[in-house]
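*Asks:* Below is start.cif; it holds mmCIF, C-alpha atoms.
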data_data
loop_
_atom_site.label_atom_id
_atom_site.label_comp_id
_atom_site.auth_asym_id
_atom_site.auth_seq_id
_atom_site.Cartn_x
_atom_site.Cartn_y
_atom_site.Cartn_z
CA MET A 1 97.73 115.96 137.32
CA PRO A 2 100.88 117.73 136.08
CA VAL A 3 100.57 121.45 135.44
CA ARG A 4 100.60 122.52 131.82
CA HIS A 5 103.17 125.10 130.75
CA PRO A 6 101.49 127.71 128.52
CA PHE A 7 104.75 129.15 127.23
CA ARG A 8 106.33 125.83 126.21
CA PRO A 9 104.92 125.85 122.62
CA LEU A 10 106.47 129.28 121.98
CA VAL A 11 109.83 128.22 123.36
CA SER A 12 109.71 125.02 121.33
CA VAL A 13 108.82 126.87 118.13
CA LEU A 14 111.80 129.15 118.61
CA SER A 15 114.06 126.14 119.08
CA ALA A 16 112.60 124.54 115.96
CA VAL A 17 113.55 127.59 113.91
CA LEU A 18 117.16 126.60 114.47
CA LEU A 19 116.67 123.33 112.60
CA ILE A 20 117.76 123.19 109.00
CA SER A 21 115.05 122.76 106.39
CA GLY A 22 116.53 119.96 104.29
CA CYS A 23 118.15 116.58 104.63
CA GLY A 24 121.12 117.33 102.45
CA LEU A 25 124.61 118.15 103.65
CA LEU A 26 124.91 119.84 107.00
CA THR A 27 126.85 123.05 107.42
CA ASP A 28 130.56 122.50 107.93
CA ALA A 29 131.51 122.48 111.61
CA GLY A 30 135.19 122.11 110.94
CA ASP A 31 137.29 118.96 111.01
CA GLN A 32 135.91 117.66 114.31
CA ASP A 33 133.70 114.60 113.90
CA ARG A 34 130.34 114.71 115.58
CA THR A 35 128.13 111.94 116.90
CA LEU A 36 124.38 111.75 116.37
CA ASP A 37 122.81 109.77 119.20
CA VAL A 38 119.64 107.93 118.08
CA TRP A 39 117.34 105.74 120.19
CA LEU A 40 115.26 103.22 118.25
CA MET A 41 112.94 100.58 119.70
CA ARG A 42 113.60 96.88 119.46
CA GLY A 43 111.89 95.30 116.46
CA SER A 44 111.24 98.50 114.54
CA LEU A 45 114.09 98.00 112.08
CA SER A 46 116.12 94.94 111.24
CA ASP A 47 119.86 95.18 111.88
CA GLU A 48 120.52 95.22 108.15
CA LEU A 49 118.00 97.99 107.51
CA THR A 50 119.41 100.04 110.37
CA ASP A 51 122.92 99.71 108.94
CA ASP A 52 121.70 100.75 105.49
CA VAL A 53 119.97 103.87 106.84
CA VAL A 54 123.03 104.85 108.86
CA ARG A 55 125.35 104.43 105.87
CA ASP A 56 123.06 106.54 103.70
CA PHE A 57 122.91 109.33 106.29
CA GLU A 58 126.66 109.33 106.94
CA ARG A 59 127.35 109.42 103.19
CA ARG A 60 125.11 112.48 102.87
CA ASN A 61 126.60 114.12 105.98
CA PRO A 62 130.38 113.70 106.15
CA GLY A 63 131.78 114.25 109.61
CA VAL A 64 128.67 113.00 111.42
CA GLU A 65 128.74 109.51 112.90
CA VAL A 66 125.43 107.92 113.86
CA LYS A 67 125.24 105.90 117.06
CA VAL A 68 122.03 103.84 117.27
CA THR A 69 120.97 102.46 120.64
CA VAL A 70 118.18 99.89 120.61
CA GLN A 71 115.79 100.25 123.54
CA ASP A 72 113.22 97.83 124.96
CA TRP A 73 109.58 98.83 125.45
CA PRO A 74 109.16 97.83 129.14
CA GLY A 75 109.94 100.87 131.27
CA ILE A 76 110.77 103.09 128.30
CA ASP A 77 108.45 105.91 129.42
CA LYS A 78 110.45 106.63 132.58
CA LYS A 79 113.70 106.33 130.64
CA VAL A 80 112.58 108.83 128.00
CA ILE A 81 111.23 111.31 130.55
CA GLY A 82 114.53 111.10 132.42
CA ALA A 83 116.50 111.67 129.23
CA LEU A 84 114.39 114.65 128.18
CA GLY A 85 115.05 116.35 131.49
CA SER A 86 118.75 115.59 131.57
CA GLY A 87 121.69 117.43 130.11
CA ASP A 88 122.65 114.34 128.15
CA ALA A 89 119.57 113.67 126.01
CA PRO A 90 119.87 111.70 122.77
CA ASP A 91 119.32 113.60 119.55
CA VAL A 92 116.46 111.50 118.15
CA ILE A 93 114.08 109.20 120.04
CA GLU A 94 111.55 106.75 118.66
CA VAL A 95 108.46 106.68 120.90
CA GLY A 96 105.06 105.02 120.78
CA ASN A 97 102.46 107.17 119.05
CA THR A 98 100.22 107.13 122.14
CA GLN A 99 103.10 108.22 124.42
CA VAL A 100 103.74 111.66 122.96
CA ALA A 101 101.30 113.49 125.23
CA GLN A 102 103.00 112.39 128.43
CA TYR A 103 106.43 113.35 127.11
CA VAL A 104 105.28 116.80 126.02
CA GLU A 105 103.62 117.22 129.42
CA ALA A 106 106.91 116.34 131.12
CA GLY A 107 108.73 118.90 128.95
CA GLY A 108 111.79 118.92 126.74
CA VAL A 109 110.33 117.88 123.34
CA THR A 110 111.02 120.09 120.32
CA ASN A 111 107.98 121.60 118.64
CA LEU A 112 108.21 120.78 114.92
CA THR A 113 105.03 122.47 113.75
CA ILE A 114 106.82 124.80 111.35
CA LYS A 115 108.47 121.78 109.71
CA VAL A 116 105.35 119.75 108.97
CA THR A 117 105.13 120.80 105.32
CA ASP A 118 108.83 120.21 104.76
CA LEU A 119 108.42 116.72 106.24
CA GLY A 120 105.52 115.80 103.94
CA GLY A 121 102.86 116.22 106.58
CA ASP A 122 100.10 116.83 104.02
CA THR A 123 99.91 113.07 103.39
CA TRP A 124 100.62 111.60 106.85
CA ILE A 125 98.23 108.89 107.94
CA PRO A 126 95.87 110.27 110.60
CA GLY A 127 96.54 107.62 113.25
CA LEU A 128 100.16 108.77 113.50
CA GLU A 129 99.73 112.48 112.87
CA GLU A 130 96.98 113.06 115.45
CA PRO A 131 98.71 111.61 118.53
CA GLY A 132 101.91 113.44 117.63
CA LYS A 133 100.04 116.75 117.81
CA ILE A 134 99.42 118.23 121.25
CA ASP A 135 97.30 121.37 121.72
CA GLY A 136 97.57 122.02 117.98
CA TYR A 137 101.38 121.75 117.86
CA GLN A 138 103.22 118.90 116.11
CA TYR A 139 105.88 117.26 118.27
CA GLY A 140 105.99 113.73 116.86
CA VAL A 141 106.94 112.92 113.26
CA PRO A 142 105.13 109.80 111.96
CA PHE A 143 107.51 106.86 111.54
CA TYR A 144 105.45 103.72 110.81
CA ALA A 145 102.15 102.13 111.79
CA ALA A 146 100.26 98.88 112.22
CA ASN A 147 96.60 98.16 112.71
CA ARG A 148 94.17 95.28 112.86
CA VAL A 149 92.52 93.59 109.90
CA VAL A 150 90.21 90.60 109.56
CA ILE A 151 92.06 87.32 109.07
CA TYR A 152 89.76 84.70 107.60
CA ARG A 153 89.77 81.11 106.43
CA LYS A 154 89.12 80.92 102.72
CA ASP A 155 88.01 77.30 102.93
CA LEU A 156 85.31 78.02 105.53
CA PHE A 157 84.07 81.02 103.54
CA GLU A 158 83.79 78.82 100.45
CA HIS A 159 82.05 76.04 102.35
CA ALA A 160 79.47 78.51 103.72
CA GLY A 161 78.86 80.03 100.31
CA VAL A 162 80.43 83.40 101.15
CA THR A 163 81.98 84.24 97.81
CA LYS A 164 83.89 87.41 98.65
CA PRO A 165 85.03 89.38 101.70
CA PRO A 166 82.39 91.81 102.99
CA ALA A 167 82.83 95.48 102.15
CA THR A 168 80.36 97.00 104.61
CA ARG A 169 79.29 96.39 108.19
CA GLU A 170 75.92 95.10 107.03
CA GLU A 171 77.56 92.59 104.69
CA TRP A 172 79.96 91.60 107.48
CA ILE A 173 77.12 90.76 109.86
CA GLU A 174 75.30 88.79 107.14
CA ALA A 175 78.43 86.84 106.22
CA THR A 176 79.38 86.14 109.83
CA ALA A 177 75.89 84.86 110.62
CA GLN A 178 76.11 82.61 107.56
CA LEU A 179 79.52 81.32 108.67
CA ASN A 180 78.31 80.57 112.19
CA GLN A 181 77.27 76.95 111.67
CA PRO A 182 77.06 73.94 114.01
CA GLY A 183 80.59 73.04 115.07
CA ARG A 184 81.99 76.27 113.61
CA GLN A 185 82.25 79.86 114.80
CA GLY A 186 81.51 82.73 112.45
CA ILE A 187 84.06 84.83 114.34
CA TYR A 188 86.16 84.58 117.46
CA LEU A 189 85.89 87.96 119.20
CA PRO A 190 86.73 88.09 122.91
CA GLY A 191 84.40 90.27 124.96
CA GLN A 192 87.10 92.67 126.15
CA ASN A 193 88.81 93.54 122.87
CA TRP A 194 88.39 97.25 123.50
CA TYR A 195 90.57 98.27 120.54
CA VAL A 196 88.00 96.73 118.18
CA LEU A 197 85.17 98.37 120.11
CA ALA A 198 86.91 101.74 119.79
CA GLY A 199 86.84 101.42 116.00
CA PHE A 200 83.09 100.82 115.99
CA ILE A 201 82.58 103.83 118.27
CA TRP A 202 84.69 106.03 116.00
CA ASP A 203 82.68 104.83 113.01
CA GLU A 204 79.56 106.12 114.71
CA GLY A 205 81.12 109.53 115.31
CA GLY A 206 81.81 108.94 119.00
CA ASP A 207 84.94 108.59 121.11
CA LEU A 208 86.19 106.99 124.31
CA ALA A 209 86.89 110.36 125.94
CA VAL A 210 87.06 114.00 124.92
CA GLU A 211 88.86 117.07 126.21
CA ARG A 212 86.88 120.20 127.04
CA SER A 213 88.54 123.32 128.43
CA GLY A 214 91.59 121.31 129.44
CA GLN A 215 89.62 118.60 131.26
CA TRP A 216 89.13 115.05 129.99
CA ALA A 217 85.80 113.26 130.32
CA GLY A 218 84.67 109.75 129.42
CA THR A 219 82.07 109.52 126.65
CA LEU A 220 81.02 105.86 126.47
CA HIS A 221 77.51 106.89 127.48
CA THR A 222 76.89 109.03 124.38
CA PRO A 223 74.41 107.78 121.74
CA GLU A 224 77.26 107.33 119.24
CA ALA A 225 79.35 105.20 121.61
CA LEU A 226 76.34 103.13 122.61
CA ARG A 227 75.65 102.36 118.93
CA GLY A 228 79.25 101.20 118.58
CA MET A 229 78.84 98.88 121.57
CA GLU A 230 75.60 97.47 120.14
CA PHE A 231 77.35 96.57 116.89
CA TYR A 232 80.15 94.93 118.89
CA ARG A 233 77.60 92.92 120.86
CA GLU A 234 75.90 91.68 117.71
CA LEU A 235 79.13 90.72 115.95
CA GLN A 236 80.53 89.01 119.04
CA SER A 237 77.39 86.89 119.37
CA TYR A 238 78.28 84.91 116.22
CA GLY A 239 81.08 83.09 117.99
CA GLN A 240 82.18 81.75 121.34
CA GLY A 241 84.72 84.34 122.41
CA PRO A 242 84.78 84.60 126.23
CA VAL A 243 82.98 87.71 127.44
CA ASP A 244 85.28 88.26 130.42
CA SER A 245 88.73 88.29 128.78
CA ASP A 246 90.66 89.88 125.94
CA GLU A 247 92.57 88.51 122.96
CA ALA A 248 95.59 87.56 125.05
CA GLU A 249 93.90 85.18 127.50
CA PRO A 250 93.44 82.70 126.01
CA GLU A 251 95.73 83.59 123.14
CA GLN A 252 93.29 84.07 120.28
CA ARG A 253 95.77 83.03 117.60
CA GLU A 254 96.14 79.61 119.18
CA VAL A 255 92.37 79.29 119.55
CA PHE A 256 91.93 80.18 115.88
CA ALA A 257 94.65 77.78 114.77
CA GLN A 258 93.16 74.84 116.62
CA GLY A 259 89.44 75.39 116.03
CA GLU A 260 86.87 75.66 113.27
CA ILE A 261 86.77 79.46 113.33
CA ALA A 262 86.08 81.55 110.24
CA GLN A 263 87.50 84.93 111.33
CA ILE A 264 89.51 86.84 113.91
CA VAL A 265 90.48 90.49 114.13
CA ASP A 266 94.25 90.82 114.48
CA VAL A 267 97.36 92.27 112.88
CA PRO A 268 98.37 90.50 109.63
CA GLY A 269 101.54 89.12 111.17
CA ALA A 270 99.38 86.86 113.32
CA ALA A 271 98.78 84.69 110.24
CA GLU A 272 102.35 83.41 110.31
CA LEU A 273 102.03 82.43 113.96
CA ILE A 274 98.73 80.70 113.20
CA THR A 275 100.20 78.56 110.42
CA GLU A 276 103.21 77.73 112.56
CA THR A 277 100.80 76.35 115.15
CA ASN A 278 98.71 74.55 112.53
CA PRO A 279 100.61 73.99 109.26
CA ALA A 280 97.43 72.57 107.70
CA LEU A 281 96.16 76.17 107.43
CA ALA A 282 99.01 77.26 105.17
CA GLY A 283 97.55 78.84 102.04
CA LYS A 284 94.05 78.94 103.51
CA LEU A 285 94.20 82.35 105.19
CA GLY A 286 93.09 85.63 103.66
CA PHE A 287 92.82 89.23 104.79
CA PHE A 288 90.43 92.14 104.41
CA PRO A 289 90.17 95.55 106.10
CA ILE A 290 87.62 95.86 108.88
CA PRO A 291 84.50 96.92 106.97
CA GLY A 292 83.00 100.36 107.47
CA LYS A 293 79.46 101.63 107.32
CA ASP A 294 79.75 102.07 103.55
CA ALA A 295 81.96 100.48 100.92
CA LYS A 296 83.86 103.68 100.16
CA THR A 297 85.54 103.97 103.55
CA PRO A 298 87.12 101.15 105.57
CA GLY A 299 86.09 100.76 109.18
CA ALA A 300 87.85 102.90 111.74
CA VAL A 301 90.80 101.18 113.40
CA PHE A 302 93.14 101.89 116.25
CA THR A 303 96.52 102.75 114.78
CA GLY A 304 99.51 101.58 116.76
CA GLY A 305 103.02 102.52 115.79
CA SER A 306 105.85 104.93 116.37
CA VAL A 307 106.79 108.55 115.88
CA LEU A 308 110.15 110.28 116.14
CA ILE A 309 110.82 113.16 118.50
CA ILE A 310 113.78 115.50 118.90
CA PRO A 311 114.66 116.56 122.46
CA GLU A 312 115.05 120.27 123.04
CA ARG A 313 118.41 119.52 124.63
CA ALA A 314 119.71 117.52 121.66
CA SER A 315 123.38 118.28 121.15
CA GLU A 316 123.04 117.97 117.36
CA PRO A 317 119.62 119.44 116.51
CA ASP A 318 120.44 120.11 112.86
CA ALA A 319 121.71 116.59 112.27
CA ALA A 320 118.78 115.21 114.25
CA TYR A 321 116.30 116.93 111.96
CA SER A 322 118.16 115.73 108.87
CA PHE A 323 118.07 112.16 110.18
CA VAL A 324 114.35 112.34 110.96
CA LYS A 325 113.62 113.76 107.52
CA LEU A 326 115.65 111.06 105.80
CA LEU A 327 114.15 108.17 107.77
CA THR A 328 110.58 109.43 107.31
CA GLY A 329 111.02 110.33 103.65
CA GLU A 330 109.78 108.26 100.71
CA LYS A 331 112.95 106.25 100.03
CA TRP A 332 113.32 104.71 103.47
CA GLN A 333 109.59 104.56 104.15
CA ARG A 334 109.22 102.26 101.14
CA GLU A 335 112.14 100.14 102.30
CA LEU A 336 110.75 100.00 105.83
CA ALA A 337 107.27 98.99 104.64
CA GLN A 338 108.52 96.24 102.36
CA THR A 339 111.15 94.88 104.75
CA MET A 340 109.17 94.98 108.00
CA SER A 341 105.60 94.64 106.59
CA VAL A 342 104.39 97.78 108.33
CA VAL A 343 102.30 100.71 107.12
CA PRO A 344 104.40 103.65 105.87
CA ASN A 345 103.70 107.09 107.28
CA SER A 346 102.06 108.45 104.12
CA ILE A 347 98.77 107.46 102.53
CA GLU A 348 100.48 107.94 99.15
CA LEU A 349 102.95 105.10 99.79
CA ALA A 350 100.44 102.29 100.30
CA ASP A 351 101.44 100.82 96.91
CA ALA A 352 104.71 99.74 98.51
CA LEU A 353 102.73 96.88 100.08
CA GLU A 354 100.74 95.77 97.04
CA ASP A 355 102.59 92.42 96.87
CA ASP A 356 101.86 91.63 100.54
CA PRO A 357 98.11 90.89 100.91
CA GLY A 358 98.03 91.17 104.71
CA ALA A 359 100.00 94.38 104.84
CA ALA A 360 98.01 95.79 101.90
CA ALA A 361 94.77 95.22 103.81
CA MET A 362 96.37 96.88 106.83
CA ALA A 363 97.41 99.91 104.78
CA GLU A 364 93.89 100.22 103.37
CA GLY A 365 92.47 100.22 106.89
CA ALA A 366 95.01 102.81 107.99
CA ARG A 367 93.25 105.37 105.80
CA ASN A 368 90.67 105.52 108.59
CA GLY A 369 93.09 105.10 111.47
CA HIS A 370 92.69 106.72 114.86
CA ALA A 371 94.64 106.98 118.09
CA THR A 372 93.44 106.76 121.65
CA PRO A 373 92.48 110.04 123.38
CA ASN A 374 95.54 112.24 123.61
CA SER A 375 95.66 112.50 127.39
CA PRO A 376 99.02 112.27 129.19
CA LEU A 377 97.30 109.93 131.66
CA TRP A 378 95.95 107.50 129.08
CA GLY A 379 98.60 104.93 129.98
CA ARG A 380 97.26 104.90 133.53
CA LEU A 381 93.79 104.13 132.21
CA GLU A 382 95.01 101.19 130.14
CA ALA A 383 96.62 99.71 133.26
CA ASP A 384 93.21 99.57 135.00
CA ASN A 385 90.85 99.69 132.06
CA PRO A 386 87.16 100.39 132.83
CA ILE A 387 86.27 99.90 129.17
CA LYS A 388 86.91 96.18 129.47
CA ALA A 389 84.68 95.82 132.51
CA TYR A 390 81.96 97.76 130.70
CA GLN A 391 82.11 95.42 127.71
CA THR A 392 81.77 92.35 129.90
CA GLN A 393 78.83 93.82 131.76
CA VAL A 394 76.93 94.57 128.55
CA LEU A 395 77.68 91.16 127.05
CA ARG A 396 76.35 89.57 130.24
CA GLY A 397 73.07 91.41 129.87
CA ALA A 398 73.52 94.61 131.89
CA ASP A 399 71.72 97.77 130.80
CA PRO A 400 74.16 99.33 128.29
CA ALA A 401 73.29 102.93 129.17
CA ALA A 402 73.74 102.45 132.90
CA ALA A 403 76.98 100.48 132.48
CA ALA A 404 78.29 103.10 130.07
CA ARG A 405 77.58 105.97 132.47
CA GLU A 406 79.57 104.22 135.20
CA ALA A 407 82.44 103.48 132.79
CA SER A 408 82.48 107.11 131.65
CA ARG A 409 82.62 108.22 135.28
CA ARG A 410 85.64 105.96 135.88
CA ILE A 411 87.38 107.20 132.73
CA THR A 412 86.85 110.82 133.81
CA ALA A 413 88.26 110.10 137.27
CA ILE A 414 91.38 108.39 135.89
CA LEU A 415 92.13 111.03 133.26
CA SER A 416 91.67 113.81 135.80
CA GLY A 417 94.19 112.18 138.13
CA ARG A 418 91.61 111.11 140.71
CA GLY A 419 91.29 107.48 139.66
#
Represent the structure contained in this file as structure tokens.
*Replies:*
Amino acid sequence: MPVRHPFRPLVSVLSAVLLISGCGLLTDAGDQDRTLDVWLMRGSLSDELTDDVVRDFERRNPGVEVKVTVQDWPGIDKKVIGALGSGDAPDVIEVGNTQVAQYVEAGGVTNLTIKVTDLGGDTWIPGLEEPGKIDGYQYGVPFYAANRVVIYRKDLFEHAGVTKPPATREEWIEATAQLNQPGRQGIYLPGQNWYVLAGFIWDEGGDLAVERSGQWAGTLHTPEALRGMEFYRELQSYGQGPVDSDEAEPEQREVFAQGEIAQIVDVPGAAELITETNPALAGKLGFFPIPGKDAKTPGAVFTGGSVLIIPERASEPDAAYSFVKLLTGEKWQRELAQTMSVVPNSIELADALEDDPGAAAMAEGARNGHATPNSPLWGRLEADNPIKAYQTQVLRGADPAAAAREASRRITAILSGRG
């Protein structure tokens, strides 16, 4: 396990002081043009939207030219770590919200804690803010998010007499049982969809792992986590999702498109792929947030998405901060949400998606968004995930408490570097 550097937050705070506080014109550096080097991930912005953002920034900041490099996700972690440690780091980097911990651990990420208020941090959605914060210091600035919702067939709901989408867990179970009729599945939920399980655990007040005194430990064996698994088991029983695989194998969207299935849990964009596979379902799909334990709060969801970081070795730190502030501010967050159908970084901007039912349901769910445990070794755990094996064991009839204790032991070993 890499050694933590206790003085890094102080050094980073001092470097952050050098950043300007606004996103207006930068101080004049003479007649020499400067280049702002920005790394964005493929698919985050359309080409047209990228060009519009760049033009807006360059208009506001004469003499600064923005160079955007689009990166691919496979292998990006090693590329970012290498860039952060080099003398030729880009000025702004988009990273996955669950990747921030490993980059801060590697070193070279600017601490932006003193800029949170200036960046509108009081209204950031929690699933982006939390993973960008390491040891109480904010390194990642929320960019955009996505999370799962329930995609359902309106015709099957009507046929079963379910008149409206459920608003609570109890209503969801009742409706799903009612939808689960001969020849039809109330829901298709694969046994190893651990992201969905995580939401149920968070709803119960539990977690997948927690950090105590600098050491991470698995917590699937806690009463709260066991209650989350019991709810998963009950919900999953109202369909024929395989207990030994996840949503990718077989591809659940294809299964849903081709079968008499009332519901799946997926991102809203899956609906388009479903209707492409089965055009007969066009106009028959609806969306609702994953229900919570009461109607006032949507169910907890895993929030995926991106944050922006500024390397400590950025050659244009002032311009980098101005770019981050502009891109994460209200104007471009609204444009991003409406153009790309993603959740903006602020809970106050959800109205930008009111004309997009799927994205609106996603934004509602994001109010109770969470991220995976903020360990720098979490990526290693996902590569050999003991949570999936635990789910399969329980769904096959194993004692939940015993299976959970073993899964917690494996999680602890992996996150401590021994797995």
*Asks:* Please, which residues are within 9 Å of (89.5, 82.6, 108.5) by the file's coordinates, counting all atoms listed in the file, and could they come as a PDB file with C-alpha atoms, in the frame of the given file?
*Replies:*
ATOM      1  CA  VAL A 150      90.210  90.600 109.560  1.00  0.00           C
ATOM      2  CA  ILE A 151      92.060  87.320 109.070  1.00  0.00           C
ATOM      3  CA  TYR A 152      89.760  84.700 107.600  1.00  0.00           C
ATOM      4  CA  ARG A 153      89.770  81.110 106.430  1.00  0.00           C
ATOM      5  CA  LYS A 154      89.120  80.920 102.720  1.00  0.00           C
ATOM      6  CA  ASP A 155      88.010  77.300 102.930  1.00  0.00           C
ATOM      7  CA  LEU A 156      85.310  78.020 105.530  1.00  0.00           C
ATOM      8  CA  PHE A 157      84.070  81.020 103.540  1.00  0.00           C
ATOM      9  CA  GLY A 186      81.510  82.730 112.450  1.00  0.00           C
ATOM     10  CA  ILE A 187      84.060  84.830 114.340  1.00  0.00           C
ATOM     11  CA  PHE A 256      91.930  80.180 115.880  1.00  0.00           C
ATOM     12  CA  GLU A 260      86.870  75.660 113.270  1.00  0.00           C
ATOM     13  CA  ILE A 261      86.770  79.460 113.330  1.00  0.00           C
ATOM     14  CA  ALA A 262      86.080  81.550 110.240  1.00  0.00           C
ATOM     15  CA  GLN A 263      87.500  84.930 111.330  1.00  0.00           C
ATOM     16  CA  ILE A 264      89.510  86.840 113.910  1.00  0.00           C
ATOM     17  CA  LYS A 284      94.050  78.940 103.510  1.00  0.00           C
ATOM     18  CA  LEU A 285      94.200  82.350 105.190  1.00  0.00           C
ATOM     19  CA  GLY A 286      93.090  85.630 103.660  1.00  0.00           C
ATOM     20  CA  PHE A 287      92.820  89.230 104.790  1.00  0.00           C
TER      21      PHE A 287
END
*Asks:* Mind pulling up the distance from CA of Met41 in chain A to CA of Ser315 in chain A?
*Replies:* 20.6 Å
*Asks:* Separation of CA of Ser237 in chain A and CA of Leu208 in chain A, in Å?
*Replies:* 22.5 Å
*Asks:* Pick from A:Ile274, A:Leu381, A:Leu327, A:Ile134: nearest to Leu415 in chain A, with all atoms listed in the file counted?
*Replies:*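 Nearest to Leu415 in chain A: A:Leu381.
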*Asks:* Determine, using all atoms listed in the file, which residues of range 319-387 of chain A have any atom at most 10 Å from an atom of range 211-214 of chain A, and tabulate each with its shortest atom pair and distance in Å to one decimal place, rows ordered by chain and then rising number, as JSON lines.
*Replies:*
{"residue": "A:Pro373", "atom": "CA", "partner": "A:Glu211", "partner_atom": "CA", "distance": 8.4}
{"residue": "A:Asn374", "atom": "CA", "partner": "A:Glu211", "partner_atom": "CA", "distance": 8.6}
{"residue": "A:Ser375", "atom": "CA", "partner": "A:Glu211", "partner_atom": "CA", "distance": 8.3}
*Asks:* If we draw a sphere of 8 Å around (97.9, 71.0, 114.3), which residues have at least one atom in it when counting all atoms listed in the file? Please report them as a VMD selection string.
*Replies:* chain A and resid 257 to 258 277 to 280
*Asks:* Mind writing the picked residues with C-alpha atoms as a tab-separated table (two decimals), in the coordinates of the input?
*Replies:*
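Okay, result_10.tsv is ready:
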chain	number	residue	atom	x	y	z
A	257	ALA	CA	94.65	77.78	114.77
A	258	GLN	CA	93.16	74.84	116.62
A	277	THR	CA	100.80	76.35	115.15
A	278	ASN	CA	98.71	74.55	112.53
A	279	PRO	CA	100.61	73.99	109.26
A	280	ALA	CA	97.43	72.57	107.70
